[in-house]
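As provided, data_22.txt (compact mmCIF, C-alpha atoms and all ligand atoms) reads as follows.
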# COMPACT_ATOMS: atom_id res chain seq x y z
CA MET P 1 130.71 127.66 94.62
CA PRO P 2 128.88 124.45 93.69
CA GLY P 3 130.85 121.27 94.22
CA THR P 4 132.94 122.41 97.18
CA GLU P 5 130.52 121.20 99.85
CA TYR P 6 131.34 118.18 101.96
CA LEU P 7 129.09 115.72 103.72
CA THR P 8 129.96 113.35 106.55
CA ILE P 9 128.37 110.04 105.71
CA GLY P 10 128.06 106.58 107.18
CA GLY P 11 127.44 104.84 103.90
CA ILE P 12 126.10 104.83 100.36
CA GLU P 13 123.76 102.46 98.56
CA SER P 14 124.41 103.17 94.92
CA GLU P 15 121.38 101.33 93.50
CA SER P 16 118.69 101.15 96.15
CA ILE P 17 115.16 99.96 95.45
CA VAL P 18 113.90 100.39 99.03
CA ASP P 19 114.70 104.06 99.76
CA GLY P 20 112.11 105.68 97.53
CA PRO P 21 110.54 105.27 94.10
CA GLY P 22 112.58 103.70 91.33
CA PHE P 23 116.30 103.11 91.34
CA ARG P 24 117.93 105.52 93.77
CA TYR P 25 121.37 106.63 94.88
CA ALA P 26 120.96 106.58 98.66
CA VAL P 27 123.33 108.56 100.87
CA PHE P 28 123.23 107.87 104.61
CA VAL P 29 124.56 110.88 106.48
CA GLN P 30 126.32 110.47 109.82
CA GLY P 31 124.70 112.00 112.89
CA CYS P 32 121.20 112.33 114.28
CA ASN P 33 119.77 114.23 117.25
CA PHE P 34 117.01 111.70 117.80
CA ARG P 35 117.54 108.49 119.67
CA CYS P 36 114.57 106.50 118.47
CA PRO P 37 114.34 103.08 120.13
CA GLY P 38 114.44 100.55 117.31
CA CYS P 39 116.27 102.96 114.96
CA HIS P 40 117.08 101.19 111.68
CA ASN P 41 120.59 102.68 111.60
CA PRO P 42 121.77 103.21 115.21
CA GLN P 43 125.42 103.32 114.10
CA LEU P 44 124.60 106.54 112.25
CA GLN P 45 123.34 108.43 115.32
CA SER P 46 126.82 109.46 116.52
CA PHE P 47 128.32 112.70 115.25
CA THR P 48 131.86 111.44 115.68
CA GLY P 49 132.00 108.65 113.10
CA GLY P 50 131.61 108.47 109.35
CA ARG P 51 133.77 109.77 106.53
CA ARG P 52 133.87 113.00 104.61
CA ILE P 53 132.96 113.04 100.96
CA SER P 54 132.44 115.94 98.59
CA ALA P 55 129.10 116.66 97.02
CA ALA P 56 130.97 116.73 93.71
CA GLU P 57 132.10 113.11 94.14
CA ILE P 58 128.56 111.99 94.89
CA LEU P 59 127.22 113.98 91.96
CA ALA P 60 129.74 112.41 89.60
CA ALA P 61 128.70 108.92 90.69
CA ILE P 62 125.05 109.78 90.12
CA LYS P 63 125.78 111.22 86.68
CA ALA P 64 127.64 108.03 85.77
CA ASN P 65 124.57 105.83 86.24
CA PRO P 66 121.81 106.50 83.69
CA LEU P 67 119.51 104.00 85.41
CA LEU P 68 118.98 106.17 88.48
CA SER P 69 115.64 107.85 89.21
CA GLY P 70 117.08 110.11 91.86
CA LEU P 71 118.90 110.75 95.11
CA THR P 72 117.71 109.76 98.57
CA LEU P 73 119.22 111.48 101.58
CA SER P 74 118.76 109.35 104.69
CA GLY P 75 120.79 108.70 107.78
CA GLY P 76 121.26 109.76 110.41
CA ASP P 77 119.39 112.96 109.75
CA PRO P 78 120.18 115.02 106.64
CA PHE P 79 118.93 118.17 108.39
CA THR P 80 121.99 118.02 110.68
CA GLN P 81 124.04 118.75 107.51
CA ALA P 82 121.37 120.74 105.75
CA ALA P 83 123.49 123.21 103.79
CA SER P 84 125.67 120.53 102.20
CA CYS P 85 122.72 118.25 101.59
CA ALA P 86 120.77 121.11 100.00
CA ALA P 87 123.66 121.99 97.69
CA LEU P 88 123.90 118.37 96.55
CA ALA P 89 120.13 118.04 96.19
CA GLU P 90 119.92 121.18 94.05
CA GLN P 91 122.59 119.85 91.70
CA VAL P 92 120.86 116.46 91.43
CA ARG P 93 117.58 118.12 90.63
CA ALA P 94 119.28 120.18 87.94
CA LEU P 95 119.99 116.85 86.24
CA GLY P 96 116.25 116.19 86.07
CA LEU P 97 116.33 113.60 88.84
CA SER P 98 114.17 113.52 91.95
CA VAL P 99 115.27 114.09 95.54
CA MET P 100 113.84 112.32 98.56
CA VAL P 101 114.84 113.24 102.13
CA TYR P 102 114.29 111.43 105.42
CA THR P 103 114.24 113.29 108.74
CA GLY P 104 113.29 112.78 112.36
CA TYR P 105 111.93 116.33 112.52
CA LEU P 106 108.33 117.21 111.73
CA TRP P 107 107.50 119.18 108.59
CA GLU P 108 105.83 121.93 110.65
CA ASP P 109 108.86 122.29 112.93
CA LEU P 110 111.28 122.44 110.00
CA LEU P 111 109.28 125.20 108.35
CA SER P 112 108.69 127.26 111.49
CA ALA P 113 112.31 127.06 112.72
CA GLY P 114 113.46 129.96 110.55
CA ASN P 115 116.62 128.05 109.63
CA PRO P 116 117.63 129.09 106.09
CA ALA P 117 119.57 125.88 105.44
CA TRP P 118 116.61 123.76 106.52
CA ARG P 119 114.31 125.77 104.26
CA ARG P 120 116.73 125.37 101.38
CA LEU P 121 116.87 121.59 101.83
CA ILE P 122 113.08 121.37 101.94
CA GLU P 123 112.79 123.40 98.76
CA ALA P 124 115.32 121.11 97.04
CA ALA P 125 113.27 118.01 97.85
CA ASP P 126 110.45 116.32 95.97
CA ILE P 127 109.52 113.94 98.79
CA LEU P 128 110.07 114.29 102.53
CA VAL P 129 109.52 111.48 105.02
CA ASP P 130 109.17 113.20 108.39
CA GLY P 131 109.04 112.27 112.06
CA PRO P 132 110.94 109.89 114.32
CA PHE P 133 110.60 106.14 114.14
CA ILE P 134 108.10 105.06 116.80
CA GLN P 135 108.35 101.37 117.57
CA ALA P 136 104.75 101.12 118.86
CA GLN P 137 103.58 102.34 115.44
CA LYS P 138 105.89 100.10 113.42
CA ASN P 139 104.28 98.76 110.25
CA ILE P 140 106.30 96.89 107.64
CA ASP P 141 103.59 97.38 105.01
CA LEU P 142 104.03 101.15 104.81
CA ARG P 143 105.50 102.60 101.64
CA PHE P 144 109.13 103.70 102.18
CA ARG P 145 108.86 104.23 105.95
CA GLY P 146 108.87 102.27 109.16
CA SER P 147 106.18 103.64 111.45
CA ALA P 148 102.67 104.96 110.90
CA ASN P 149 103.40 108.42 112.36
CA GLN P 150 105.90 109.10 109.56
CA ARG P 151 104.44 110.93 106.59
CA LEU P 152 105.26 110.61 102.91
CA ILE P 153 105.03 114.29 101.99
CA ASP P 154 104.75 115.73 98.48
CA VAL P 155 107.01 118.72 99.04
CA PRO P 156 106.23 120.97 96.03
CA GLN P 157 102.49 120.44 96.47
CA SER P 158 102.70 121.06 100.20
CA LEU P 159 104.72 124.26 99.82
CA ALA P 160 102.28 125.53 97.20
CA ALA P 161 99.22 124.67 99.29
CA GLY P 162 100.64 125.86 102.62
CA ARG P 163 99.65 122.58 104.23
CA VAL P 164 100.87 118.99 104.18
CA ILE P 165 99.87 117.07 101.04
CA LEU P 166 100.66 113.36 101.28
CA LEU P 167 101.72 111.05 98.51
CA PRO P 168 99.53 107.99 98.00
CA GLU P 169 100.45 104.66 99.58
CA GLU P 170 100.47 103.12 96.11
CA PRO P 171 102.36 104.67 93.18
S1 LIG O 201 115.40 109.88 113.32
FE1 LIG O 201 115.91 108.08 112.05
S2 LIG O 201 118.16 107.92 112.12
FE2 LIG O 201 117.55 109.29 113.78
S3 LIG O 201 117.40 107.94 115.59
FE3 LIG O 201 115.34 108.10 114.69
S4 LIG O 201 115.18 106.34 113.28
FE4 LIG O 201 117.37 106.62 113.77

Go ahead and express the file in the form of structure tokens.
Amino acid sequence: MPGTEYLTIGGIESESIVDGPGFRYAVFVQGCNFRCPGCHNPQLQSFTGGRRISAAEILAAIKANPLLSGLTLSGGDPFTQAASCAALAEQVRALGLSVMVYTGYLWEDLLSAGNPAWRRLIEAADILVDGPFIQAQKNIDLRFRGSANQRLIDVPQSLAAGRVILLPEEP
């Protein structure tokens, strides 16, 4: 039943302008399987911390702010809580808002894994930023990401085309 899912999160930024296009409700999930040197949120790597919050509570907060352009799921890695994140993302999209998801996994690996929850989260996203943060490829001029290996993927276009379609560097 929608609204009964829970996420374990490390924090929320309720009006972010740096986690995707427009004004976004950014949820930082707790837990990540990658250990990228130079990680922007190392306190979110552990699977033991954070706090539980229902998708319904997050959805209510998003509904209460008419200025928002959408939801950003970051972390940590949202694919470690894919089913809950997908349920939330689907409900946000039903409001007509966009969904952006960050992950340390590669698009190709997510799709080929055969994990239904991963597939569901991909299909609920408009934009996916994939790949680990690589310090040697750090570039502060990149749009919405930290290192040049990370891709800003147009999810609906990529699923339709069967190959990765990138969003432009400029809006
Ligand atoms: S994938 Fe992201 S959250 Fe996870 S360790 Fe790397 S930079 Fe940090």

Set the cut-off to 10 Å, count all atoms listed in the file, and list whatever residues fall near ligand LIG 201 (chain O) as a ChimeraX atom specification. /P:28-46,74-78,102-105,130-135,145-147

Skip Leu7 (chain P) itself and residues of its chain fewer than 6 positions away, then list as an MDAnalysis selection string all residues within 10 Å of it, counting all atoms listed in the file. chainID P and resid 27:30 50:55 58 78 81:85 88

Within 7 Å of region 111-120 of chain P, counting all atoms listed in the file, which residues qualify if same-chain residues fewer than 3 places away don't, as number ranges by chain? P: 79, 82-83, 86, 107-108, 123-124

Using Å and a single decimal, report how far CA of Thr72 (chain P) sits from CA of Asp126 (chain P). 10.1 Å

Residue contacts of Ser158 (chain P) (10 Å, all atoms listed in the file) excluding same-chain residues fewer than 6 positions away, as number ranges by chain: P: 107, 127, 164-166

Generate a file of the selected residues that holds C-alpha atoms, formatted as a PDB file, in the coordinates of the input.
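Final file, part06.pdb:
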ATOM      1  CA  TRP P 107     107.500 119.180 108.590  1.00  0.00           C
ATOM      2  CA  ILE P 127     109.520 113.940  98.790  1.00  0.00           C
ATOM      3  CA  VAL P 164     100.870 118.990 104.180  1.00  0.00           C
ATOM      4  CA  ILE P 165      99.870 117.070 101.040  1.00  0.00           C
ATOM      5  CA  LEU P 166     100.660 113.360 101.280  1.00  0.00           C
TER       6      LEU P 166
END

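Note that the spacing between CA of Ile122 (chain P) and CA of Val92 (chain P) amounts to 14.0 Å.
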
Considering all atoms listed in the file, can you say which of P:Gly11, P:Gly20, P:Pro66, P:Gly49 comes closest to Leu152 (chain P)? P:Gly20

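Note that CA of Glu5 (chain P) and CA of Ala56 (chain P) are 7.6 Å apart.
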
With only C-alpha atoms as the atoms that count, which of P:Glu57, P:Glu13, P:Asp19, P:Glu169 lies nearest to Phe144 (chain P)? P:Asp19

All residues 8 Å or closer to Phe23 (chain P), all atoms listed in the file, same chain fewer than 5 positions away omitted, as a VMD selection string: chain P and resid 15 to 17 67 to 70

Which residue is closest to Phe47 (chain P)? Choose from P:Thr80, P:Ala26, P:Lys138, P:Asn65 and count all atoms listed in the file. P:Thr80

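Minimum atom-to-atom distances from P:Ala89, P:Ile140, P:Ala148, P:Leu106 to Ala125 (chain P) were compared using all atoms listed in the file, and the lowest value belongs to P:Ala89.
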
Enclose the full set of atoms of region 99-106 of chain P listed in the file within a box whose edges lie along x, y and z, apply 8 Å of padding to each of the six sides, and report centre and edge lengths in Å to one decimal as JSON.
{"center_x": 111.8, "center_y": 114.3, "center_z": 104.0, "size_x": 22.9, "size_y": 21.8, "size_z": 33.0}
